[in-house]
>>> print(open('query.txt').read())   # compact mmCIF, C-alpha atoms
# COMPACT_ATOMS: atom_id res chain seq x y z
CA MET A 1 4.47 84.10 -24.19
CA LYS A 2 3.82 81.06 -26.42
CA LYS A 3 1.55 78.51 -24.76
CA ASN A 4 3.37 75.51 -26.22
CA ILE A 5 6.65 76.31 -24.45
CA LEU A 6 7.10 74.27 -21.26
CA PHE A 7 8.59 76.01 -18.24
CA ALA A 8 9.97 74.66 -14.98
CA ILE A 9 10.02 77.38 -12.30
CA CYS A 10 12.11 76.98 -9.19
CA ILE A 11 11.30 79.14 -6.15
CA VAL A 12 14.01 79.18 -3.53
CA ILE A 13 12.87 79.98 0.02
CA GLY A 14 15.83 79.63 2.37
CA ALA A 15 17.12 76.10 1.80
CA LYS A 16 13.79 74.86 0.44
CA VAL A 17 13.20 74.43 -3.31
CA THR A 18 9.71 74.13 -4.75
CA ILE A 19 9.47 72.90 -8.32
CA ALA A 20 6.47 73.55 -10.54
CA CYS A 21 6.62 71.73 -13.85
CA ASN A 22 4.56 70.53 -16.73
CA PRO A 23 2.07 67.87 -15.54
CA THR A 24 2.36 64.29 -16.75
CA PRO A 25 -0.22 61.47 -16.94
CA THR A 26 2.43 59.05 -15.67
CA ARG A 27 1.61 57.48 -12.30
CA VAL A 28 3.92 55.33 -10.16
CA LYS A 29 3.89 53.18 -7.05
CA GLY A 30 6.37 51.08 -5.10
CA THR A 31 9.32 51.39 -2.76
CA HIS A 32 11.62 52.77 -5.50
CA ALA A 33 9.06 55.04 -7.14
CA PRO A 34 9.87 58.77 -6.97
CA GLY A 35 7.67 60.98 -4.83
CA GLN A 36 7.74 63.89 -7.27
CA PHE A 37 8.68 64.10 -10.92
CA CYS A 38 8.11 66.15 -14.04
CA SER A 39 7.31 65.32 -17.63
CA GLY A 40 10.37 63.74 -19.24
CA ASP A 41 12.07 62.81 -15.95
CA LEU A 42 13.90 59.51 -15.57
CA ILE A 43 11.78 57.77 -12.92
CA PHE A 44 13.42 54.32 -12.75
CA GLU A 45 16.87 53.13 -13.76
CA ASP A 46 19.12 50.14 -13.23
CA ASN A 47 22.52 49.87 -14.94
CA PHE A 48 23.33 46.64 -13.06
CA ASP A 49 26.61 47.79 -11.57
CA THR A 50 25.34 45.59 -8.75
CA PHE A 51 22.34 43.30 -8.49
CA ASP A 52 19.94 45.21 -6.23
CA LEU A 53 17.58 42.71 -4.60
CA ASN A 54 15.51 45.57 -3.25
CA LYS A 55 14.71 46.67 -6.80
CA TRP A 56 14.20 43.17 -8.20
CA GLN A 57 12.10 40.43 -6.64
CA HIS A 58 12.38 36.80 -7.71
CA ALA A 59 9.64 34.41 -8.69
CA VAL A 60 10.31 31.12 -6.87
CA THR A 61 8.25 28.21 -8.17
CA MET A 62 8.25 25.00 -10.20
CA ALA A 63 4.84 25.81 -11.75
CA GLY A 64 6.20 26.69 -15.21
CA GLY A 65 3.85 29.64 -15.78
CA GLY A 66 1.04 29.71 -18.32
CA ASN A 67 3.20 27.90 -20.89
CA TYR A 68 4.09 25.02 -18.50
CA GLU A 69 7.77 25.56 -19.08
CA PHE A 70 10.44 23.14 -17.87
CA GLN A 71 12.38 25.36 -15.47
CA TRP A 72 12.30 25.83 -11.72
CA VAL A 73 12.76 29.57 -11.18
CA VAL A 74 14.88 30.33 -8.14
CA ASN A 75 16.53 33.10 -6.15
CA ASP A 76 20.09 31.87 -6.63
CA ARG A 77 23.20 33.85 -7.61
CA ASN A 78 24.19 30.96 -9.88
CA ASN A 79 21.17 31.87 -12.00
CA THR A 80 20.72 35.63 -11.58
CA TYR A 81 23.69 37.90 -11.00
CA ALA A 82 25.37 41.10 -12.19
CA SER A 83 28.88 41.11 -13.67
CA ASN A 84 30.72 44.04 -15.31
CA GLY A 85 27.53 46.08 -15.54
CA ILE A 86 25.44 43.31 -17.13
CA LEU A 87 22.61 41.35 -15.53
CA HIS A 88 22.82 37.65 -16.39
CA ILE A 89 19.86 35.28 -16.19
CA ARG A 90 21.35 31.86 -16.67
CA PRO A 91 20.08 28.28 -16.97
CA THR A 92 21.71 25.50 -14.96
CA LEU A 93 20.93 21.81 -14.72
CA THR A 94 19.05 20.70 -11.62
CA SER A 95 21.12 17.51 -11.76
CA ASP A 96 24.35 19.48 -11.42
CA LEU A 97 23.20 20.52 -7.96
CA PHE A 98 21.31 17.43 -6.76
CA GLY A 99 22.33 14.56 -9.06
CA GLU A 100 20.52 12.95 -11.99
CA GLN A 101 18.54 10.51 -9.85
CA PHE A 102 16.99 13.39 -7.95
CA VAL A 103 15.24 14.72 -11.08
CA THR A 104 13.09 11.58 -11.38
CA SER A 105 12.76 10.56 -7.72
CA GLY A 106 13.61 13.47 -5.41
CA THR A 107 11.23 15.77 -3.52
CA VAL A 108 11.27 19.57 -3.50
CA GLU A 109 9.23 21.51 -0.97
CA ILE A 110 9.51 25.29 -1.24
CA PRO A 111 8.45 27.05 1.98
CA GLU A 112 5.04 28.71 1.75
CA TRP A 113 6.51 32.13 2.52
CA GLU A 114 8.96 31.80 -0.39
CA CYS A 115 6.90 30.04 -3.08
CA THR A 116 5.21 32.47 -5.48
CA ASP A 117 2.93 30.07 -7.41
CA ALA A 118 1.49 26.86 -6.01
CA SER A 119 -0.29 25.73 -9.18
CA ASN A 120 0.93 22.71 -11.16
CA TRP A 121 3.04 21.34 -8.26
CA GLY A 122 4.68 24.73 -8.02
CA CYS A 123 5.59 24.57 -4.32
CA LYS A 124 5.91 20.84 -3.65
CA LYS A 125 6.69 17.99 -5.97
CA THR A 126 8.15 14.50 -5.95
CA GLY A 127 9.72 13.59 -9.25
CA SER A 128 8.96 10.48 -11.26
CA PRO A 129 10.21 9.18 -14.62
CA SER A 130 7.08 10.47 -16.37
CA ASN A 131 6.69 13.69 -14.34
CA PRO A 132 10.13 14.82 -13.15
CA ILE A 133 11.31 17.71 -11.03
CA PRO A 134 11.94 20.58 -13.49
CA PRO A 135 15.36 19.64 -14.90
CA ILE A 136 16.45 23.26 -15.39
CA ARG A 137 16.94 26.01 -12.83
CA SER A 138 16.68 29.58 -14.10
CA GLY A 139 15.42 33.03 -13.13
CA ARG A 140 12.45 35.37 -13.48
CA ILE A 141 12.63 38.72 -11.72
CA ASN A 142 10.17 41.59 -11.39
CA THR A 143 9.57 45.03 -9.88
CA TYR A 144 6.10 44.34 -8.42
CA ASN A 145 7.02 45.68 -4.98
CA SER A 146 9.63 48.25 -5.94
CA PHE A 147 8.27 49.99 -9.03
CA GLY A 148 5.04 49.99 -10.96
CA PHE A 149 3.92 52.62 -13.44
CA LYS A 150 1.25 53.52 -15.95
CA TYR A 151 2.08 55.59 -19.02
CA GLY A 152 5.70 56.30 -19.80
CA THR A 153 8.65 55.35 -22.00
CA VAL A 154 10.60 52.16 -21.25
CA GLU A 155 13.99 51.36 -22.76
CA ILE A 156 15.84 48.08 -22.19
CA ARG A 157 19.13 47.11 -23.81
CA ALA A 158 19.50 43.34 -23.94
CA LYS A 159 21.11 40.40 -25.70
CA GLY A 160 19.15 37.21 -26.30
CA PRO A 161 20.33 33.74 -25.28
CA THR A 162 21.66 31.06 -27.63
CA GLY A 163 20.60 27.42 -27.40
CA ASP A 164 17.77 25.20 -28.56
CA TRP A 165 14.50 25.46 -26.63
CA ILE A 166 15.53 28.53 -24.63
CA GLY A 167 13.13 31.47 -24.54
CA ALA A 168 13.57 34.93 -23.04
CA ALA A 169 11.22 37.86 -22.54
CA LEU A 170 10.95 41.47 -21.42
CA TRP A 171 7.36 41.96 -20.32
CA LEU A 172 4.99 43.71 -17.93
CA LEU A 173 2.06 42.58 -15.78
CA PRO A 174 -0.36 44.63 -13.68
CA ILE A 175 0.54 45.19 -10.04
CA GLU A 176 -3.13 44.66 -9.16
CA SER A 177 -5.51 42.67 -11.36
CA ILE A 178 -8.37 45.11 -10.97
CA TYR A 179 -10.24 43.94 -14.06
CA GLY A 180 -10.02 40.24 -13.19
CA GLY A 181 -7.77 37.28 -13.85
CA TRP A 182 -5.53 36.90 -16.88
CA PRO A 183 -5.91 38.26 -19.51
CA ALA A 184 -8.70 40.61 -18.36
CA SER A 185 -6.20 42.87 -16.55
CA GLY A 186 -3.77 42.79 -19.46
CA GLU A 187 -0.25 41.63 -20.27
CA ILE A 188 2.36 43.61 -22.22
CA ASP A 189 4.97 41.49 -23.99
CA MET A 190 7.54 44.12 -24.87
CA VAL A 191 9.69 41.54 -26.65
CA GLU A 192 9.87 37.75 -26.76
CA MET A 193 12.72 35.79 -28.31
CA LYS A 194 14.07 32.26 -28.70
CA GLY A 195 17.58 30.81 -28.65
CA ASN A 196 17.30 28.25 -31.49
CA THR A 197 19.78 29.19 -34.22
CA ASP A 198 18.29 27.05 -37.01
CA TYR A 199 14.54 26.88 -36.49
CA TRP A 200 11.88 27.56 -39.11
CA ASP A 201 8.20 27.38 -39.94
CA PRO A 202 7.56 25.34 -43.12
CA GLY A 203 4.02 26.73 -43.26
CA ARG A 204 5.37 30.27 -43.80
CA ASN A 205 7.94 29.65 -46.54
CA ASN A 206 10.51 28.40 -44.03
CA LEU A 207 10.45 31.66 -42.07
CA GLN A 208 13.16 31.63 -39.40
CA VAL A 209 11.39 31.73 -36.01
CA GLY A 210 14.35 31.22 -33.68
CA ALA A 211 17.11 33.62 -32.66
CA GLN A 212 16.61 35.73 -35.80
CA HIS A 213 13.00 36.46 -34.82
CA ILE A 214 11.40 38.66 -32.14
CA GLY A 215 7.82 39.63 -31.39
CA SER A 216 5.81 42.16 -29.37
CA THR A 217 2.25 41.41 -28.23
CA LEU A 218 -0.56 42.72 -26.05
CA ASN A 219 -2.69 40.10 -24.31
CA TYR A 220 -6.20 41.16 -23.29
CA GLY A 221 -9.63 39.57 -23.14
CA PRO A 222 -12.67 38.96 -20.93
CA ARG A 223 -11.73 35.36 -20.06
CA TRP A 224 -8.66 33.13 -20.16
CA ASP A 225 -9.83 31.43 -23.37
CA VAL A 226 -10.95 34.65 -25.10
CA ASN A 227 -7.85 36.69 -25.90
CA GLY A 228 -7.53 39.44 -28.52
CA TRP A 229 -3.76 39.12 -28.89
CA SER A 230 -3.93 38.28 -32.61
CA SER A 231 -4.99 41.87 -33.41
CA THR A 232 -2.16 43.35 -31.33
CA THR A 233 1.00 41.51 -32.29
CA ALA A 234 3.90 42.04 -34.67
CA SER A 235 7.25 40.37 -35.34
CA ARG A 236 10.55 41.17 -36.96
CA ASN A 237 13.34 39.06 -38.45
CA ARG A 238 16.97 40.09 -38.66
CA ARG A 239 20.34 38.55 -39.46
CA PRO A 240 22.54 38.18 -37.55
CA GLY A 241 20.14 37.05 -34.86
CA PHE A 242 19.10 38.97 -31.76
CA ASN A 243 21.35 36.61 -29.76
CA GLU A 244 24.51 37.89 -31.46
CA ASP A 245 24.64 41.36 -29.93
CA PHE A 246 22.81 43.82 -27.71
CA HIS A 247 19.74 45.63 -29.05
CA VAL A 248 17.65 48.46 -27.61
CA TYR A 249 13.99 47.61 -27.05
CA LYS A 250 11.65 50.49 -26.37
CA MET A 251 7.97 50.97 -25.51
CA VAL A 252 6.11 54.28 -25.52
CA TRP A 253 2.87 53.94 -23.54
CA THR A 254 0.50 56.91 -23.61
CA THR A 255 -3.17 57.59 -22.82
CA GLU A 256 -3.87 57.01 -26.53
CA SER A 257 -1.62 54.18 -27.70
CA LEU A 258 1.18 51.69 -27.12
CA GLN A 259 4.15 51.63 -29.49
CA PHE A 260 7.07 49.21 -29.61
CA PHE A 261 10.50 49.75 -31.18
CA VAL A 262 13.73 47.83 -31.72
CA ASP A 263 16.89 49.89 -32.31
CA GLY A 264 14.70 52.90 -33.12
CA GLU A 265 12.63 51.06 -35.74
CA ARG A 266 8.92 50.79 -34.95
CA LEU A 267 7.74 47.21 -34.62
CA LEU A 268 4.12 47.61 -33.42
CA SER A 269 1.68 50.46 -32.82
CA VAL A 270 -1.69 49.90 -31.13
CA THR A 271 -4.32 52.64 -30.84
CA PRO A 272 -7.60 51.24 -29.48
CA GLY A 273 -9.99 53.99 -30.63
CA SER A 274 -13.12 55.25 -28.88
CA GLY A 275 -14.51 51.73 -28.38
CA GLY A 276 -11.41 50.70 -26.44
CA PHE A 277 -9.95 47.23 -26.39
CA TRP A 278 -13.39 45.62 -26.16
CA GLU A 279 -14.12 46.86 -29.66
CA ARG A 280 -10.54 46.28 -30.82
CA GLY A 281 -10.78 42.62 -29.81
CA GLY A 282 -14.25 42.16 -31.32
CA PHE A 283 -15.57 40.51 -28.16
CA GLY A 284 -19.25 41.41 -28.62
CA TRP A 285 -20.05 37.96 -30.04
CA THR A 286 -18.98 36.21 -26.84
CA GLY A 287 -21.97 37.23 -24.71
CA LEU A 288 -19.53 37.92 -21.89
CA PRO A 289 -19.64 41.13 -19.86
CA ASN A 290 -17.14 43.86 -20.76
CA PRO A 291 -14.66 43.90 -17.83
CA TRP A 292 -13.41 47.37 -18.85
CA VAL A 293 -16.74 49.19 -18.96
CA ASN A 294 -15.69 51.45 -16.08
CA GLY A 295 -12.14 52.01 -17.32
CA THR A 296 -10.67 54.40 -19.85
CA LYS A 297 -10.42 53.53 -23.53
CA MET A 298 -6.93 52.18 -22.76
CA ALA A 299 -8.31 49.64 -20.25
CA PRO A 300 -6.94 47.22 -19.23
CA PHE A 301 -3.74 49.12 -20.02
CA ASP A 302 -4.62 52.05 -17.76
CA ASN A 303 -3.19 50.88 -14.45
CA GLU A 304 0.28 50.42 -12.95
CA PHE A 305 2.29 47.54 -14.38
CA GLY A 306 5.54 46.02 -13.09
CA ILE A 307 8.53 45.03 -15.24
CA ILE A 308 9.54 41.35 -15.65
CA LEU A 309 12.80 39.92 -17.03
CA SER A 310 12.68 36.18 -17.60
CA HIS A 311 14.61 33.24 -19.01
CA GLY A 312 12.57 30.13 -19.78
CA VAL A 313 13.08 26.68 -21.26
CA GLY A 314 10.72 24.49 -23.27
CA GLY A 315 7.05 24.41 -22.40
CA THR A 316 3.92 23.03 -24.03
CA SER A 317 2.97 26.05 -26.16
CA VAL A 318 6.14 28.07 -26.84
CA PHE A 319 7.69 25.71 -29.41
CA SER A 320 5.34 24.35 -32.06
CA ASP A 321 5.34 20.66 -32.91
CA ASN A 322 5.03 21.69 -36.57
CA TYR A 323 8.23 23.75 -36.80
CA VAL A 324 11.54 22.28 -37.96
CA ASN A 325 14.78 22.49 -35.97
CA GLY A 326 17.94 22.08 -38.02
CA ASN A 327 20.10 21.21 -35.00
CA GLY A 328 18.05 18.11 -34.21
CA ALA A 329 14.42 17.19 -33.78
CA LYS A 330 12.45 18.57 -30.88
CA PRO A 331 12.62 15.83 -28.23
CA TRP A 332 9.07 16.20 -26.89
CA VAL A 333 5.47 16.52 -28.07
CA ASN A 334 3.57 19.38 -26.48
CA ASN A 335 0.38 17.66 -25.35
CA ASN A 336 1.25 14.02 -24.82
CA GLY A 337 1.31 14.32 -21.00
CA ARG A 338 5.04 13.73 -20.58
CA ALA A 339 6.60 16.70 -22.35
CA MET A 340 9.05 17.66 -19.60
CA ALA A 341 10.14 14.04 -19.11
CA ASP A 342 10.88 13.62 -22.82
CA PHE A 343 12.74 16.94 -22.92
CA TRP A 344 15.04 15.66 -20.18
CA ILE A 345 15.44 12.22 -21.75
CA GLY A 346 16.40 13.94 -25.01
CA ARG A 347 19.02 16.22 -23.43
CA SER A 348 21.75 14.95 -25.76
CA GLN A 349 20.04 17.01 -28.48
CA TRP A 350 20.32 20.40 -26.70
CA LYS A 351 22.70 20.21 -23.75
CA SER A 352 26.00 20.62 -25.62
CA GLN A 353 24.71 23.68 -27.52
CA TRP A 354 24.00 25.66 -24.38
CA GLU A 355 27.66 25.98 -23.35
CA LEU A 356 26.63 26.23 -19.73
CA HIS A 357 30.01 27.49 -18.57
CA THR A 358 30.07 30.47 -20.94
CA ASP A 359 27.55 33.27 -21.29
CA GLN A 360 26.09 31.89 -24.55
CA SER A 361 22.92 30.51 -22.96
CA HIS A 362 22.42 33.56 -20.74
CA PHE A 363 19.83 36.29 -21.18
CA GLN A 364 21.86 39.48 -20.70
CA ILE A 365 20.46 42.91 -19.81
CA ASP A 366 22.61 46.04 -19.93
CA TYR A 367 20.12 48.52 -18.50
CA VAL A 368 16.46 49.24 -17.77
CA ARG A 369 15.19 52.84 -17.87
CA VAL A 370 11.74 54.39 -17.54
CA TRP A 371 10.84 58.04 -18.19
CA ALA A 372 7.66 59.94 -17.39
CA LEU A 373 5.68 61.15 -20.39
>>> encode(input="query.txt", output="C-alpha cells")
Amino acid sequence: MKKNILFAICIVIGAKVTIACNPTPTRVKGTHAPGQFCSGDLIFEDNFDTFDLNKWQHAVTMAGGGNYEFQWVVNDRNNTYASNGILHIRPTLTSDLFGEQFVTSGTVEIPEWECTDASNWGCKKTGSPSNPIPPIRSGRINTYNSFGFKYGTVEIRAKGPTGDWIGAALWLLPIESIYGGWPASGEIDMVEMKGNTDYWDPGRNNLQVGAQHIGSTLNYGPRWDVNGWSSTTASRNRRPGFNEDFHVYKMVWTTESLQFFVDGERLLSVTPGSGGFWERGGFGWTGLPNPWVNGTKMAPFDNEFGIILSHGVGGTSVFSDNYVNGNGAKPWVNNNGRAMADFWIGRSQWKSQWELHTDQSHFQIDYVRVWAL
C-alpha cells in the first residue's frame, strides 16, 4: 500500500458510524464550529440565502476603528441584509434617520451591553459643528463568537462598492489577543478596496489606487507603532475595476505560509522562515522583547482568527492627502482636527455618486467558505 494515499475508513456498529481520516492541523472554535472534521472538509459556509445573526455578530460603535473612519457601525437591516443570496453592507446618511441638525447637535448614547468599542466617543457622543456625530451609518460584521479557526483555506466571492471615499475589506482578527494588543497578535487583511472610480497617486506615475486597485497585507509587530506590514503586502490593478463585478478572493493559511489569490491568480505569498515573523519584520533593532518567543514560527498567525466583513467611509489614514481624485477634490485634510466635520460639509462632492437607493455603494458578498487543510 502506498503511504501517500489518504484513506477514510468508516466502521459501522449498529447505527453508529466512526470515521477515521487523515489528520489536519486546522483547529476551530465557536458555536458554529464543527465538532469533528477531516482534511479537506468544508468547515464553515454561508451562501446568504438568509442573514443568520447567529453566525454573524455586529460591531456597534461610533469609534471609527484604528483609521478613525466617519461611519457609525450599527446592527440595522437598513445597513446589513441578505437579498437574493447576496449579503449587502450598505451606507446610509445619519441625517436621513435623525435630520441634518442632529449630526452637529444631537446626542447618541449606545447602551453599555450593546456598544463594542468605547474609545474615541464610541459609545456616547454629542455632536458639534467641528466634531459631529458620524454622518454615515454602515456595517461591520464578524464571526468572533460563532467561528474562529487557525490554518485552512478561505474563499470569499464579493463585489466592491462604488463611490468616492468608500472603503471595504475582507479581513481576520484573532479571537483572543494572546500575544498582546494590536498588532502583536496579528491582523490578516485578505483584501482591501476603495470605491473611488478616478483616483490616482501622482508619486507613482499616476497609478490608479481606487476601485481598480486591491491589496492584501499582514499586520504584525511588537508594539502599535512598530509594524512589519511593509514586508508583507502586495497589490494588484485591474480594469474594469473590482467594483464592476464579483471576484473570488482566496487565502491558503498553513503551518508554513500564508498565500493570497484573486480569481485564482496569486497576489501575495508570505513564508516567515525559521526566525519567524520577528526576523521577517527585522525588529531586533527596537530593543523591545519578542512577543512571539513562545509561539511557533508562524506566530502571531498560529491561533484562531475570526472573519470580518466591513464597509467603511473616509478616515484619517485610508485616503492620502497627496492623491488626486478626478471626481472632485477630497473635502477634508487628514490631520487638521476636523476631518469628519469637513467631510460632511463637503458632501456635495460625494453624495450624488453613491446612488444610495441602488446597490452601487453597497459592499456585496456572495458566499464565505472555509475548508480544513
>>> residues_around(input="query.txt", residues="range 147-150 of chain A", least_positions_apart="3", cutoff="8 Å", atoms="only C-alpha atoms", output="list in words")
Thr26, Arg27, Val28, Lys29, Gly30, Thr31, His32, Ala33, Phe44, Lys55, Thr143, Tyr144, Ile175, Trp253, Phe301, Asp302, Asn303, Glu304, Phe305, Gly306 and Ile307 of chain A
>>> closest_residue(input="query.txt", among="A:Leu207, A:Tyr179, A:Phe261, A:Val73", to="Val293 in chain A", atoms="all atoms listed in the file")
A:Tyr179
>>> residues_around(input="query.txt", residues="Asn142 in chain A", least_positions_apart="4", cutoff="6 Å", atoms="all atoms listed in the file", output="PDB file with C-alpha atoms, in the coordinates of the input")
ATOM      1  CA  TRP A  56      14.200  43.170  -8.200  1.00  0.00           C
ATOM      2  CA  GLN A  57      12.100  40.430  -6.640  1.00  0.00           C
ATOM      3  CA  ILE A 307       8.530  45.030 -15.240  1.00  0.00           C
ATOM      4  CA  ILE A 308       9.540  41.350 -15.650  1.00  0.00           C
TER       5      ILE A 308
END
>>> closest_residue(input="query.txt", among="A:Ile133, A:Phe51, A:Asp76, A:Val154", to="Ala372 in chain A", atoms="all atoms listed in the file")
A:Val154
>>> residues_around(input="query.txt", residues="Gln259 in chain A", least_positions_apart="4", cutoff="8 Å", atoms="all atoms listed in the file", output="list in words")
Met251, Val252, Trp253, Arg266, Leu267, Leu268, Ser269 and Val270 of chain A
>>> closest_atom_pairs(input="query.txt", of="range 29-120 of chain A", to="range 319-323 of chain A", cutoff="12 Å", atoms="only C-alpha atoms", output="tab-separated table")
residue	atom	partner	partner_atom	distance
A:Asn67	CA	A:Phe319	CA	9.9
A:Tyr68	CA	A:Phe319	CA	11.5
A:Glu69	CA	A:Phe319	CA	10.3
>>> build_atoms(input="query.txt", residues="range 129-157 of chain A", atoms="N, CA and C atoms", output="compact mmCIF listing (two decimals), in the coordinates of the input")
# COMPACT_ATOMS: atom_id res chain seq x y z
N PRO A 129 9.70 9.24 -13.24
CA PRO A 129 10.21 9.18 -14.62
C PRO A 129 9.30 9.86 -15.64
N SER A 130 8.00 9.86 -15.41
CA SER A 130 7.08 10.47 -16.37
C SER A 130 6.72 11.91 -16.02
N ASN A 131 7.02 12.33 -14.79
CA ASN A 131 6.69 13.69 -14.34
C ASN A 131 7.80 14.18 -13.41
N PRO A 132 8.95 14.54 -13.97
CA PRO A 132 10.13 14.82 -13.15
C PRO A 132 10.08 16.18 -12.47
N ILE A 133 11.00 16.37 -11.52
CA ILE A 133 11.31 17.71 -11.03
C ILE A 133 11.80 18.52 -12.23
N PRO A 134 11.42 19.81 -12.36
CA PRO A 134 11.94 20.58 -13.49
C PRO A 134 13.45 20.42 -13.62
N PRO A 135 13.94 19.97 -14.77
CA PRO A 135 15.36 19.64 -14.90
C PRO A 135 16.27 20.85 -15.08
N ILE A 136 15.67 22.03 -15.22
CA ILE A 136 16.45 23.26 -15.39
C ILE A 136 16.12 24.23 -14.27
N ARG A 137 17.14 24.90 -13.76
CA ARG A 137 16.94 26.01 -12.83
C ARG A 137 17.29 27.30 -13.57
N SER A 138 16.45 28.32 -13.41
CA SER A 138 16.68 29.58 -14.10
C SER A 138 16.09 30.71 -13.26
N GLY A 139 15.86 31.87 -13.90
CA GLY A 139 15.42 33.03 -13.13
C GLY A 139 14.33 33.83 -13.83
N ARG A 140 13.44 34.40 -13.01
CA ARG A 140 12.45 35.37 -13.48
C ARG A 140 12.32 36.42 -12.39
N ILE A 141 12.63 37.66 -12.72
CA ILE A 141 12.63 38.72 -11.72
C ILE A 141 11.65 39.82 -12.13
N ASN A 142 11.18 40.58 -11.12
CA ASN A 142 10.17 41.59 -11.39
C ASN A 142 10.31 42.76 -10.43
N THR A 143 9.57 43.83 -10.73
CA THR A 143 9.57 45.03 -9.88
C THR A 143 8.21 45.25 -9.21
N TYR A 144 7.45 44.19 -8.96
CA TYR A 144 6.10 44.34 -8.42
C TYR A 144 6.07 45.18 -7.14
N ASN A 145 7.02 44.94 -6.25
CA ASN A 145 7.02 45.68 -4.98
C ASN A 145 7.75 47.01 -5.08
N SER A 146 8.76 47.07 -5.93
CA SER A 146 9.63 48.25 -5.94
C SER A 146 9.19 49.35 -6.90
N PHE A 147 8.60 48.96 -8.04
CA PHE A 147 8.27 49.99 -9.03
C PHE A 147 7.20 49.50 -9.99
N GLY A 148 6.08 50.18 -9.97
CA GLY A 148 5.04 49.99 -10.96
C GLY A 148 4.68 51.34 -11.55
N PHE A 149 4.24 51.35 -12.80
CA PHE A 149 3.92 52.62 -13.44
C PHE A 149 2.83 52.42 -14.47
N LYS A 150 2.12 53.49 -14.78
CA LYS A 150 1.25 53.52 -15.95
C LYS A 150 1.59 54.76 -16.76
N TYR A 151 1.72 54.57 -18.05
CA TYR A 151 2.08 55.59 -19.02
C TYR A 151 3.53 56.06 -18.82
N GLY A 152 4.31 55.91 -19.85
CA GLY A 152 5.70 56.30 -19.80
C GLY A 152 6.45 55.67 -20.95
N THR A 153 7.77 55.91 -20.98
CA THR A 153 8.65 55.35 -22.00
C THR A 153 9.64 54.41 -21.31
N VAL A 154 9.70 53.18 -21.79
CA VAL A 154 10.60 52.16 -21.25
C VAL A 154 11.66 51.85 -22.30
N GLU A 155 12.91 51.75 -21.87
CA GLU A 155 13.99 51.36 -22.76
C GLU A 155 14.84 50.31 -22.06
N ILE A 156 15.05 49.19 -22.74
CA ILE A 156 15.84 48.08 -22.19
C ILE A 156 16.83 47.62 -23.26
N ARG A 157 18.10 47.60 -22.89
CA ARG A 157 19.13 47.11 -23.81
C ARG A 157 19.50 45.70 -23.40
